[in-house]
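Structure data follow from coords-v3.cif (mmCIF, C-alpha atoms):
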```
data_my_file
#
loop_
_atom_site.label_atom_id
_atom_site.label_comp_id
_atom_site.auth_asym_id
_atom_site.auth_seq_id
_atom_site.Cartn_x
_atom_site.Cartn_y
_atom_site.Cartn_z
CA MET C 1 59.80 -26.88 -8.07
CA LYS C 2 58.75 -23.71 -9.90
CA SER C 3 56.21 -25.74 -11.83
CA LEU C 4 54.82 -27.12 -8.56
CA PHE C 5 54.50 -23.63 -7.08
CA ALA C 6 52.89 -22.37 -10.27
CA LYS C 7 50.37 -25.19 -10.24
CA SER C 8 49.68 -24.62 -6.55
CA GLY C 9 49.15 -20.94 -7.24
CA GLN C 10 46.72 -21.73 -10.04
CA VAL C 11 44.78 -24.12 -7.82
CA LEU C 12 44.64 -21.52 -5.05
CA LEU C 13 43.47 -18.87 -7.51
CA CYS C 14 40.76 -21.19 -8.80
CA LEU C 15 39.61 -21.92 -5.26
CA LEU C 16 39.50 -18.22 -4.42
CA LEU C 17 37.52 -17.46 -7.56
CA THR C 18 35.11 -20.28 -6.80
CA VAL C 19 34.58 -19.12 -3.23
CA SER C 20 34.26 -15.51 -4.36
CA ASN C 21 31.69 -16.39 -6.99
CA GLY C 22 29.80 -18.52 -4.50
CA LEU C 23 29.63 -15.70 -1.99
CA ALA C 24 28.57 -13.22 -4.64
CA ALA C 25 25.73 -15.50 -5.69
CA LYS C 26 24.76 -16.13 -2.07
CA ASP C 27 24.85 -12.48 -1.09
CA ALA C 28 22.81 -11.14 -4.01
CA LEU C 29 19.30 -10.34 -2.75
CA ILE C 30 16.72 -10.00 -5.51
CA VAL C 31 13.95 -7.78 -4.20
CA GLY C 32 10.73 -7.50 -6.20
CA VAL C 33 9.29 -3.98 -6.02
CA GLU C 34 6.34 -2.17 -7.56
CA ASN C 35 6.92 -0.39 -10.84
CA GLN C 36 4.99 2.72 -9.88
CA TYR C 37 5.25 6.17 -8.33
CA TYR C 38 4.42 6.10 -4.63
CA LEU C 39 6.72 8.62 -3.01
CA PRO C 40 7.75 9.21 -0.33
CA VAL C 41 7.62 5.45 0.35
CA TYR C 42 9.01 4.37 -3.03
CA ALA C 43 9.05 5.09 -6.74
CA TYR C 44 10.54 3.59 -9.88
CA GLU C 45 11.44 6.26 -12.40
CA LYS C 46 13.79 6.16 -15.39
CA GLY C 47 15.13 2.79 -14.33
CA VAL C 48 15.93 3.86 -10.78
CA TYR C 49 14.24 2.65 -7.59
CA GLN C 50 14.12 5.39 -4.96
CA GLY C 51 12.48 6.69 -1.79
CA PHE C 52 12.37 5.53 1.82
CA ALA C 53 12.22 1.84 0.89
CA ARG C 54 15.36 2.06 -1.24
CA GLU C 55 17.38 3.84 1.43
CA LEU C 56 16.19 1.49 4.17
CA LEU C 57 16.98 -1.72 2.27
CA ASP C 58 20.29 -0.36 0.96
CA THR C 59 21.34 0.51 4.51
CA PHE C 60 20.50 -2.98 5.73
CA ALA C 61 22.40 -4.55 2.84
CA GLN C 62 25.48 -2.40 3.38
CA ASP C 63 25.54 -3.16 7.10
CA GLN C 64 25.19 -6.90 6.54
CA GLY C 65 27.43 -7.24 3.50
CA TYR C 66 24.74 -8.02 0.93
CA ARG C 67 24.25 -6.78 -2.60
CA ILE C 68 20.68 -5.93 -3.63
CA GLU C 69 19.16 -6.16 -7.08
CA TYR C 70 15.81 -4.37 -7.38
CA ARG C 71 13.45 -5.90 -9.90
CA ALA C 72 10.60 -3.48 -10.61
CA LEU C 73 7.40 -5.00 -12.02
CA PRO C 74 3.75 -4.04 -12.48
CA VAL C 75 1.80 -5.12 -9.40
CA PRO C 76 0.05 -8.18 -10.95
CA ARG C 77 3.33 -9.49 -12.41
CA LEU C 78 5.13 -8.82 -9.14
CA TYR C 79 2.72 -11.07 -7.26
CA ALA C 80 3.07 -13.80 -9.87
CA SER C 81 6.87 -13.55 -9.88
CA PHE C 82 7.04 -13.65 -6.09
CA ILE C 83 4.77 -16.69 -5.78
CA ALA C 84 6.70 -18.44 -8.57
CA GLY C 85 10.02 -17.85 -6.78
CA GLN C 86 11.46 -15.58 -9.47
CA VAL C 87 12.39 -12.97 -6.85
CA ASP C 88 13.75 -13.58 -3.36
CA PHE C 89 11.71 -10.92 -1.57
CA LYS C 90 8.71 -8.67 -2.03
CA PHE C 91 8.40 -5.13 -0.71
CA PRO C 92 6.02 -3.79 0.28
CA ASP C 93 3.91 -6.73 1.29
CA ASN C 94 1.14 -7.50 3.73
CA PRO C 95 -0.38 -10.90 4.60
CA ARG C 96 -3.88 -9.47 4.04
CA TRP C 97 -3.25 -8.56 0.40
CA LYS C 98 -4.49 -11.00 -2.28
CA GLN C 99 -4.89 -13.79 0.23
CA ASP C 100 -6.17 -16.22 -2.39
CA GLN C 101 -2.74 -16.19 -4.07
CA ARG C 102 -0.98 -17.02 -0.80
CA VAL C 103 -2.83 -20.23 0.01
CA GLY C 104 -0.43 -23.12 0.52
CA LYS C 105 2.68 -20.93 0.31
CA GLN C 106 5.18 -20.78 3.17
CA ILE C 107 5.66 -17.02 3.23
CA VAL C 108 7.77 -15.49 5.99
CA TYR C 109 7.03 -11.88 6.88
CA SER C 110 9.28 -9.42 8.65
CA GLU C 111 8.24 -7.43 11.65
CA PRO C 112 6.31 -4.25 10.63
CA VAL C 113 8.57 -1.93 8.65
CA LEU C 114 6.34 1.10 8.24
CA SER C 115 2.87 2.11 9.40
CA PHE C 116 0.42 3.52 6.89
CA VAL C 117 -3.07 4.90 6.82
CA ASP C 118 -5.25 4.71 3.72
CA GLY C 119 -8.04 7.20 4.20
CA VAL C 120 -9.98 10.15 2.83
CA SER C 121 -8.24 13.48 2.27
CA LEU C 122 -10.43 16.49 1.49
CA PRO C 123 -10.37 20.29 1.71
CA PRO C 124 -10.03 21.54 5.30
CA ASN C 125 -13.45 23.22 5.24
CA LYS C 126 -15.08 19.86 4.53
CA ARG C 127 -13.59 17.96 7.45
CA LYS C 128 -16.06 16.17 9.71
CA MET C 129 -18.34 15.66 6.73
CA PRO C 130 -21.10 13.12 7.43
CA LEU C 131 -20.53 9.73 5.85
CA ASP C 132 -23.47 10.22 3.51
CA GLY C 133 -21.84 13.43 2.27
CA ILE C 134 -19.19 11.41 0.40
CA LYS C 135 -21.16 10.70 -2.76
CA ARG C 136 -18.19 10.45 -5.10
CA LEU C 137 -14.89 9.04 -3.84
CA GLY C 138 -11.69 9.31 -5.86
CA THR C 139 -8.85 6.81 -5.91
CA VAL C 140 -6.08 5.52 -8.17
CA GLY C 141 -6.93 2.86 -10.75
CA GLY C 142 -6.34 -0.66 -9.45
CA PHE C 143 -6.44 0.43 -5.80
CA THR C 144 -9.29 -1.05 -3.76
CA PRO C 145 -10.65 1.19 -0.96
CA TRP C 146 -11.57 -1.71 1.35
CA ALA C 147 -12.87 0.53 4.13
CA TRP C 148 -15.52 1.79 1.69
CA ILE C 149 -16.27 -1.37 -0.22
CA ASP C 150 -19.72 -1.98 1.34
CA ARG C 151 -20.91 1.54 0.50
CA ILE C 152 -19.49 1.29 -3.02
CA GLU C 153 -21.12 -2.09 -3.67
CA SER C 154 -24.44 -0.85 -2.29
CA GLY C 155 -24.32 2.22 -4.55
CA LYS C 156 -24.24 4.72 -1.69
CA THR C 157 -20.83 5.97 -2.81
CA GLN C 158 -19.62 6.13 -6.40
CA LEU C 159 -15.95 5.33 -7.06
CA SER C 160 -13.96 7.49 -9.49
CA GLU C 161 -10.63 6.03 -10.58
CA ASN C 162 -7.69 8.13 -11.76
CA SER C 163 -4.61 7.26 -13.76
CA SER C 164 -2.16 8.74 -11.23
CA LEU C 165 -1.89 10.18 -7.74
CA GLU C 166 -1.33 13.65 -9.13
CA ALA C 167 -4.52 13.38 -11.18
CA LEU C 168 -6.38 12.18 -8.10
CA VAL C 169 -5.23 15.14 -6.00
CA ARG C 170 -6.02 17.64 -8.76
CA GLN C 171 -9.49 16.15 -9.20
CA THR C 172 -10.15 16.48 -5.47
CA LEU C 173 -8.88 20.06 -5.33
CA ALA C 174 -11.15 20.93 -8.25
CA GLY C 175 -14.16 19.52 -6.40
CA ARG C 176 -14.93 16.84 -8.98
CA VAL C 177 -14.90 14.26 -6.18
CA ASP C 178 -15.78 14.70 -2.51
CA GLY C 179 -12.53 13.18 -1.25
CA ALA C 180 -9.39 11.30 -2.27
CA TYR C 181 -8.85 7.82 -0.84
CA ALA C 182 -5.17 6.85 -0.75
CA SER C 183 -2.16 6.70 1.54
CA VAL C 184 -2.21 9.84 3.69
CA ALA C 185 1.59 10.23 3.53
CA VAL C 186 1.56 9.87 -0.25
CA ILE C 187 -1.20 12.47 -0.65
CA ASN C 188 0.78 14.85 1.56
CA TYR C 189 3.89 14.30 -0.57
CA GLN C 190 1.95 15.22 -3.70
CA LEU C 191 0.68 18.40 -2.05
CA ASP C 192 4.04 19.42 -0.59
CA HIS C 193 6.48 18.53 -3.36
CA VAL C 194 4.58 18.13 -6.63
CA LEU C 195 1.73 20.64 -6.53
CA LYS C 196 3.33 22.99 -3.99
CA GLN C 197 0.04 23.34 -2.09
CA PRO C 198 0.77 22.01 1.42
CA GLY C 199 -2.33 21.61 3.55
CA ALA C 200 -4.75 22.04 0.65
CA LEU C 201 -6.18 18.63 1.56
CA VAL C 202 -6.25 17.08 5.02
CA PHE C 203 -6.90 13.58 6.27
CA ASP C 204 -10.25 13.10 8.01
CA PRO C 205 -9.90 10.27 10.56
CA SER C 206 -13.65 10.36 11.30
CA LEU C 207 -14.34 8.76 7.90
CA PRO C 208 -13.69 5.05 7.19
CA ASN C 209 -9.99 4.31 6.84
CA SER C 210 -7.55 1.44 6.97
CA ARG C 211 -4.52 1.37 9.26
CA ASP C 212 -1.87 -1.28 8.77
CA SER C 213 1.83 -1.82 8.07
CA TYR C 214 4.16 -2.69 5.23
CA TYR C 215 6.33 -5.79 5.57
CA LEU C 216 9.27 -7.41 3.80
CA SER C 217 8.36 -10.96 2.78
CA SER C 218 10.12 -14.00 1.38
CA ILE C 219 9.45 -17.57 0.37
CA LYS C 220 12.98 -18.45 -0.75
CA ARG C 221 15.18 -16.80 1.90
CA PRO C 222 13.44 -16.78 5.29
CA LYS C 223 16.72 -16.58 7.22
CA VAL C 224 17.48 -13.20 5.69
CA VAL C 225 14.08 -11.95 6.84
CA LEU C 226 14.98 -12.98 10.40
CA GLU C 227 18.31 -11.20 9.99
CA PHE C 228 16.44 -8.12 8.78
CA ASN C 229 14.23 -8.26 11.88
CA ALA C 230 17.25 -8.34 14.17
CA TRP C 231 18.83 -5.46 12.26
CA MET C 232 15.66 -3.36 12.61
CA ARG C 233 15.55 -3.97 16.37
CA GLU C 234 19.19 -2.90 16.68
CA ASN C 235 18.79 0.21 14.53
CA GLN C 236 15.53 1.78 15.67
CA ASP C 237 17.00 5.29 15.92
CA ARG C 238 18.47 5.14 12.41
CA ILE C 239 15.19 3.88 10.97
CA ALA C 240 13.24 6.59 12.81
CA ALA C 241 15.58 9.17 11.29
CA LEU C 242 14.93 7.76 7.80
CA LYS C 243 11.18 7.94 8.38
CA THR C 244 11.49 11.57 9.43
CA LYS C 245 13.77 12.39 6.50
CA HIS C 246 11.29 10.99 3.97
CA ALA C 247 8.14 12.07 5.87
CA VAL C 248 6.63 8.65 5.34
CA GLU C 249 4.31 8.93 8.34
CA LYS C 250 3.40 12.61 7.97
CA GLY C 251 -0.22 13.40 8.85
CA LEU C 252 -1.07 9.99 10.29
CA THR C 253 -1.94 11.39 13.71
CA THR C 254 -4.12 14.24 12.50
CA HIS C 255 -7.26 14.59 14.63
#
```
Target format structure tokens, applied to this file:
Amino acid sequence: MKSLFAKSGQVLLCLLLTVSNGLAAKDALIVGVENQYYLPVYAYEKGVYQGFARELLDTFAQDQGYRIEYRALPVPRLYASFIAGQVDFKFPDNPRWKQDQRVGKQIVYSEPVLSFVDGVSLPPNKRKMPLDGIKRLGTVGGFTPWAWIDRIESGKTQLSENSSLEALVRQTLAGRVDGAYASVAVINYQLDHVLKQPGALVFDPSLPNSRDSYYLSSIKRPKVVLEFNAWMRENQDRIAALKTKHAVEKGLTTH
């Protein structure tokens, strides 16, 4: 009888371990993220993913009982890994980015997570500058200023690429370029927290800019994206508080 109970206990333990392992595998969400500094939205430094995106996704995972693994990759590799199914999700994403790589792929996008404006920031005394006054436009290497692409290709505006956001802001402050084209919130973060010069550059909405949103996307786990959508709708106040905490939309309504 003892032997029977012992065997039954072993079988039950094996079943519990199997179920537990199955749930762990099911509940692990592998999120592909960009291996770069883009605070306050996100950053990957010293092996740690951080910023608004990290706190938002962690909060969702904790509420829903998931475990998240962040896999930080250079942007080109991240796209390739996402399309190849090596990560479950990509953040940030946008259906307009690298559309040629998305052809034929069944990608499910979340509802908009965060609004952003990519535009020109320049010294306050240069606001309202005529379009032709922007002869030299600064940006970060690998970033395409789509709102200016026609002027750049026609030679009316020269593009100056920098190795980092900090270098871009410093170059603009020094007057070596007429304006910095990047995320307005990210430029403001550099000014406020890195260079300690808040307001030294301001966004000029009269110049060409791009307004859009970041999304969470998935090919492999569309149901989780739908679950994420429902969670966002149910937690609008909490998400708004996170946006305020991280100042991820600071300066977007400057006129």
Could you give me, as an MDAnalysis selection string, the residues within 12 Å of C:Ala230, counting all atoms listed in the file and dropping anything in the same chain fewer than 4 positions from it? chainID C and resid 60 64 110:111 223:226 234:236
Env of stretch 171-186 of chain C: 7 Å cut, atoms = only C-alpha atoms, seq-sep filter 6 positions within chain, self excluded. Answer as a VMD selection string. chain C and resid 38 to 40 116 to 122 134 to 139 145 203 248 to 252
Counting all atoms listed in the file, which residues of stretch 189-252 of chain C sit at most 6 Å from some atom of stretch 100-108 of chain C, and what is each one's closest atom pair with its distance in Å to one decimal, listed by chain and rising residue number, as a Markdown table?
```
| residue | atom | partner | partner_atom | distance |
| --- | --- | --- | --- | --- |
| C:Ser217 | CA | C:Val108 | CA | 5.6 |
| C:Ser218 | CA | C:Val108 | CA | 5.4 |
| C:Ile219 | CA | C:Ile107 | CA | 4.8 |
| C:Pro222 | CA | C:Val108 | CA | 5.9 |
```
Neighbours of point (17.6, -4.2, -4.8) within 12 Å, using all atoms listed in the file, written as a short mmCIF file (atom, residue, chain, number, x, y, z; two decimals) with C-alpha atoms, in the coordinates of the input:
```cif
data_model
loop_
_atom_site.label_atom_id
_atom_site.label_comp_id
_atom_site.auth_asym_id
_atom_site.auth_seq_id
_atom_site.Cartn_x
_atom_site.Cartn_y
_atom_site.Cartn_z
CA ASP C 27 24.85 -12.48 -1.09
CA ALA C 28 22.81 -11.14 -4.01
CA LEU C 29 19.30 -10.34 -2.75
CA ILE C 30 16.72 -10.00 -5.51
CA VAL C 31 13.95 -7.78 -4.20
CA GLY C 32 10.73 -7.50 -6.20
CA VAL C 33 9.29 -3.98 -6.02
CA GLU C 34 6.34 -2.17 -7.56
CA TYR C 44 10.54 3.59 -9.88
CA VAL C 48 15.93 3.86 -10.78
CA TYR C 49 14.24 2.65 -7.59
CA GLN C 50 14.12 5.39 -4.96
CA ALA C 53 12.22 1.84 0.89
CA ARG C 54 15.36 2.06 -1.24
CA GLU C 55 17.38 3.84 1.43
CA LEU C 56 16.19 1.49 4.17
CA LEU C 57 16.98 -1.72 2.27
CA ASP C 58 20.29 -0.36 0.96
CA THR C 59 21.34 0.51 4.51
CA PHE C 60 20.50 -2.98 5.73
CA ALA C 61 22.40 -4.55 2.84
CA GLN C 62 25.48 -2.40 3.38
CA TYR C 66 24.74 -8.02 0.93
CA ARG C 67 24.25 -6.78 -2.60
CA ILE C 68 20.68 -5.93 -3.63
CA GLU C 69 19.16 -6.16 -7.08
CA TYR C 70 15.81 -4.37 -7.38
CA ARG C 71 13.45 -5.90 -9.90
CA ALA C 72 10.60 -3.48 -10.61
CA VAL C 87 12.39 -12.97 -6.85
CA ASP C 88 13.75 -13.58 -3.36
CA PHE C 89 11.71 -10.92 -1.57
CA LYS C 90 8.71 -8.67 -2.03
CA PHE C 91 8.40 -5.13 -0.71
#
```
Gap from atom CA of C:Tyr37 to atom CA of C:His193 - Å, one decimal: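 The value is 13.4 Å.
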Generate a file for stretch 71-93 of chain C, containing N, CA, C and O atoms, as a PDB file, in the first residue's frame.
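Output contents, as saved in result.pdb:
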```pdb
ATOM      1  N   ARG C  71      15.137  41.002 -25.162  1.00  0.00           N
ATOM      2  CA  ARG C  71      16.285  40.641 -25.994  1.00  0.00           C
ATOM      3  C   ARG C  71      16.693  41.878 -26.795  1.00  0.00           C
ATOM      4  O   ARG C  71      16.032  42.256 -27.761  1.00  0.00           O
ATOM      5  N   ALA C  72      17.753  42.540 -26.351  1.00  0.00           N
ATOM      6  CA  ALA C  72      18.195  43.790 -26.966  1.00  0.00           C
ATOM      7  C   ALA C  72      19.144  43.508 -28.127  1.00  0.00           C
ATOM      8  O   ALA C  72      20.130  42.784 -27.964  1.00  0.00           O
ATOM      9  N   LEU C  73      18.833  44.112 -29.288  1.00  0.00           N
ATOM     10  CA  LEU C  73      19.606  43.885 -30.504  1.00  0.00           C
ATOM     11  C   LEU C  73      19.796  45.191 -31.257  1.00  0.00           C
ATOM     12  O   LEU C  73      18.967  46.099 -31.159  1.00  0.00           O
ATOM     13  N   PRO C  74      20.875  45.314 -32.040  1.00  0.00           N
ATOM     14  CA  PRO C  74      20.981  46.452 -32.954  1.00  0.00           C
ATOM     15  C   PRO C  74      19.783  46.460 -33.892  1.00  0.00           C
ATOM     16  O   PRO C  74      19.243  45.392 -34.240  1.00  0.00           O
ATOM     17  N   VAL C  75      19.354  47.644 -34.310  1.00  0.00           N
ATOM     18  CA  VAL C  75      18.105  47.768 -35.066  1.00  0.00           C
ATOM     19  C   VAL C  75      18.026  46.843 -36.285  1.00  0.00           C
ATOM     20  O   VAL C  75      17.010  46.145 -36.468  1.00  0.00           O
ATOM     21  N   PRO C  76      19.050  46.758 -37.145  1.00  0.00           N
ATOM     22  CA  PRO C  76      18.933  45.859 -38.309  1.00  0.00           C
ATOM     23  C   PRO C  76      18.736  44.395 -37.905  1.00  0.00           C
ATOM     24  O   PRO C  76      17.923  43.680 -38.507  1.00  0.00           O
ATOM     25  N   ARG C  77      19.471  43.943 -36.885  1.00  0.00           N
ATOM     26  CA  ARG C  77      19.320  42.557 -36.421  1.00  0.00           C
ATOM     27  C   ARG C  77      17.973  42.332 -35.764  1.00  0.00           C
ATOM     28  O   ARG C  77      17.399  41.231 -35.850  1.00  0.00           O
ATOM     29  N   LEU C  78      17.454  43.354 -35.103  1.00  0.00           N
ATOM     30  CA  LEU C  78      16.153  43.229 -34.456  1.00  0.00           C
ATOM     31  C   LEU C  78      15.069  42.974 -35.494  1.00  0.00           C
ATOM     32  O   LEU C  78      14.212  42.098 -35.310  1.00  0.00           O
ATOM     33  N   TYR C  79      15.104  43.725 -36.594  1.00  0.00           N
ATOM     34  CA  TYR C  79      14.131  43.494 -37.659  1.00  0.00           C
ATOM     35  C   TYR C  79      14.245  42.073 -38.193  1.00  0.00           C
ATOM     36  O   TYR C  79      13.245  41.376 -38.373  1.00  0.00           O
ATOM     37  N   ALA C  80      15.461  41.654 -38.459  1.00  0.00           N
ATOM     38  CA  ALA C  80      15.672  40.314 -39.015  1.00  0.00           C
ATOM     39  C   ALA C  80      15.202  39.235 -38.044  1.00  0.00           C
ATOM     40  O   ALA C  80      14.566  38.250 -38.451  1.00  0.00           O
ATOM     41  N   SER C  81      15.497  39.401 -36.763  1.00  0.00           N
ATOM     42  CA  SER C  81      15.091  38.423 -35.758  1.00  0.00           C
ATOM     43  C   SER C  81      13.579  38.365 -35.609  1.00  0.00           C
ATOM     44  O   SER C  81      12.990  37.288 -35.439  1.00  0.00           O
ATOM     45  N   PHE C  82      12.948  39.530 -35.672  1.00  0.00           N
ATOM     46  CA  PHE C  82      11.489  39.584 -35.557  1.00  0.00           C
ATOM     47  C   PHE C  82      10.825  38.888 -36.738  1.00  0.00           C
ATOM     48  O   PHE C  82       9.932  38.044 -36.563  1.00  0.00           O
ATOM     49  N   ILE C  83      11.259  39.222 -37.945  1.00  0.00           N
ATOM     50  CA  ILE C  83      10.664  38.618 -39.147  1.00  0.00           C
ATOM     51  C   ILE C  83      10.912  37.109 -39.177  1.00  0.00           C
ATOM     52  O   ILE C  83      10.065  36.332 -39.633  1.00  0.00           O
ATOM     53  N   ALA C  84      12.066  36.677 -38.660  1.00  0.00           N
ATOM     54  CA  ALA C  84      12.405  35.250 -38.662  1.00  0.00           C
ATOM     55  C   ALA C  84      11.734  34.480 -37.521  1.00  0.00           C
ATOM     56  O   ALA C  84      11.878  33.252 -37.427  1.00  0.00           O
ATOM     57  N   GLY C  85      11.024  35.181 -36.644  1.00  0.00           N
ATOM     58  CA  GLY C  85      10.326  34.515 -35.551  1.00  0.00           C
ATOM     59  C   GLY C  85      11.206  34.153 -34.380  1.00  0.00           C
ATOM     60  O   GLY C  85      10.854  33.307 -33.559  1.00  0.00           O
ATOM     61  N   GLN C  86      12.360  34.818 -34.259  1.00  0.00           N
ATOM     62  CA  GLN C  86      13.279  34.518 -33.157  1.00  0.00           C
ATOM     63  C   GLN C  86      12.913  35.263 -31.876  1.00  0.00           C
ATOM     64  O   GLN C  86      13.464  34.976 -30.818  1.00  0.00           O
ATOM     65  N   VAL C  87      12.038  36.246 -31.984  1.00  0.00           N
ATOM     66  CA  VAL C  87      11.465  36.914 -30.816  1.00  0.00           C
ATOM     67  C   VAL C  87       9.950  36.920 -30.992  1.00  0.00           C
ATOM     68  O   VAL C  87       9.439  36.866 -32.115  1.00  0.00           O
ATOM     69  N   ASP C  88       9.234  36.970 -29.875  1.00  0.00           N
ATOM     70  CA  ASP C  88       7.764  36.932 -29.934  1.00  0.00           C
ATOM     71  C   ASP C  88       7.160  38.276 -30.303  1.00  0.00           C
ATOM     72  O   ASP C  88       6.109  38.338 -30.948  1.00  0.00           O
ATOM     73  N   PHE C  89       7.807  39.348 -29.857  1.00  0.00           N
ATOM     74  CA  PHE C  89       7.265  40.697 -30.024  1.00  0.00           C
ATOM     75  C   PHE C  89       8.383  41.661 -30.395  1.00  0.00           C
ATOM     76  O   PHE C  89       9.563  41.396 -30.154  1.00  0.00           O
ATOM     77  N   LYS C  90       7.979  42.805 -30.945  1.00  0.00           N
ATOM     78  CA  LYS C  90       8.915  43.890 -31.206  1.00  0.00           C
ATOM     79  C   LYS C  90       8.344  45.169 -30.615  1.00  0.00           C
ATOM     80  O   LYS C  90       7.167  45.480 -30.805  1.00  0.00           O
ATOM     81  N   PHE C  91       9.205  45.894 -29.892  1.00  0.00           N
ATOM     82  CA  PHE C  91       8.809  47.207 -29.390  1.00  0.00           C
ATOM     83  C   PHE C  91      10.037  48.103 -29.351  1.00  0.00           C
ATOM     84  O   PHE C  91      11.079  47.703 -28.857  1.00  0.00           O
ATOM     85  N   PRO C  92       9.903  49.350 -29.857  1.00  0.00           N
ATOM     86  CA  PRO C  92       8.711  49.877 -30.530  1.00  0.00           C
ATOM     87  C   PRO C  92       8.633  49.380 -31.965  1.00  0.00           C
ATOM     88  O   PRO C  92       9.624  48.958 -32.543  1.00  0.00           O
ATOM     89  N   ASP C  93       7.429  49.479 -32.511  1.00  0.00           N
ATOM     90  CA  ASP C  93       7.236  49.146 -33.914  1.00  0.00           C
ATOM     91  C   ASP C  93       6.206  50.091 -34.501  1.00  0.00           C
ATOM     92  O   ASP C  93       5.494  50.795 -33.772  1.00  0.00           O
TER      93      ASP C  93
END
```
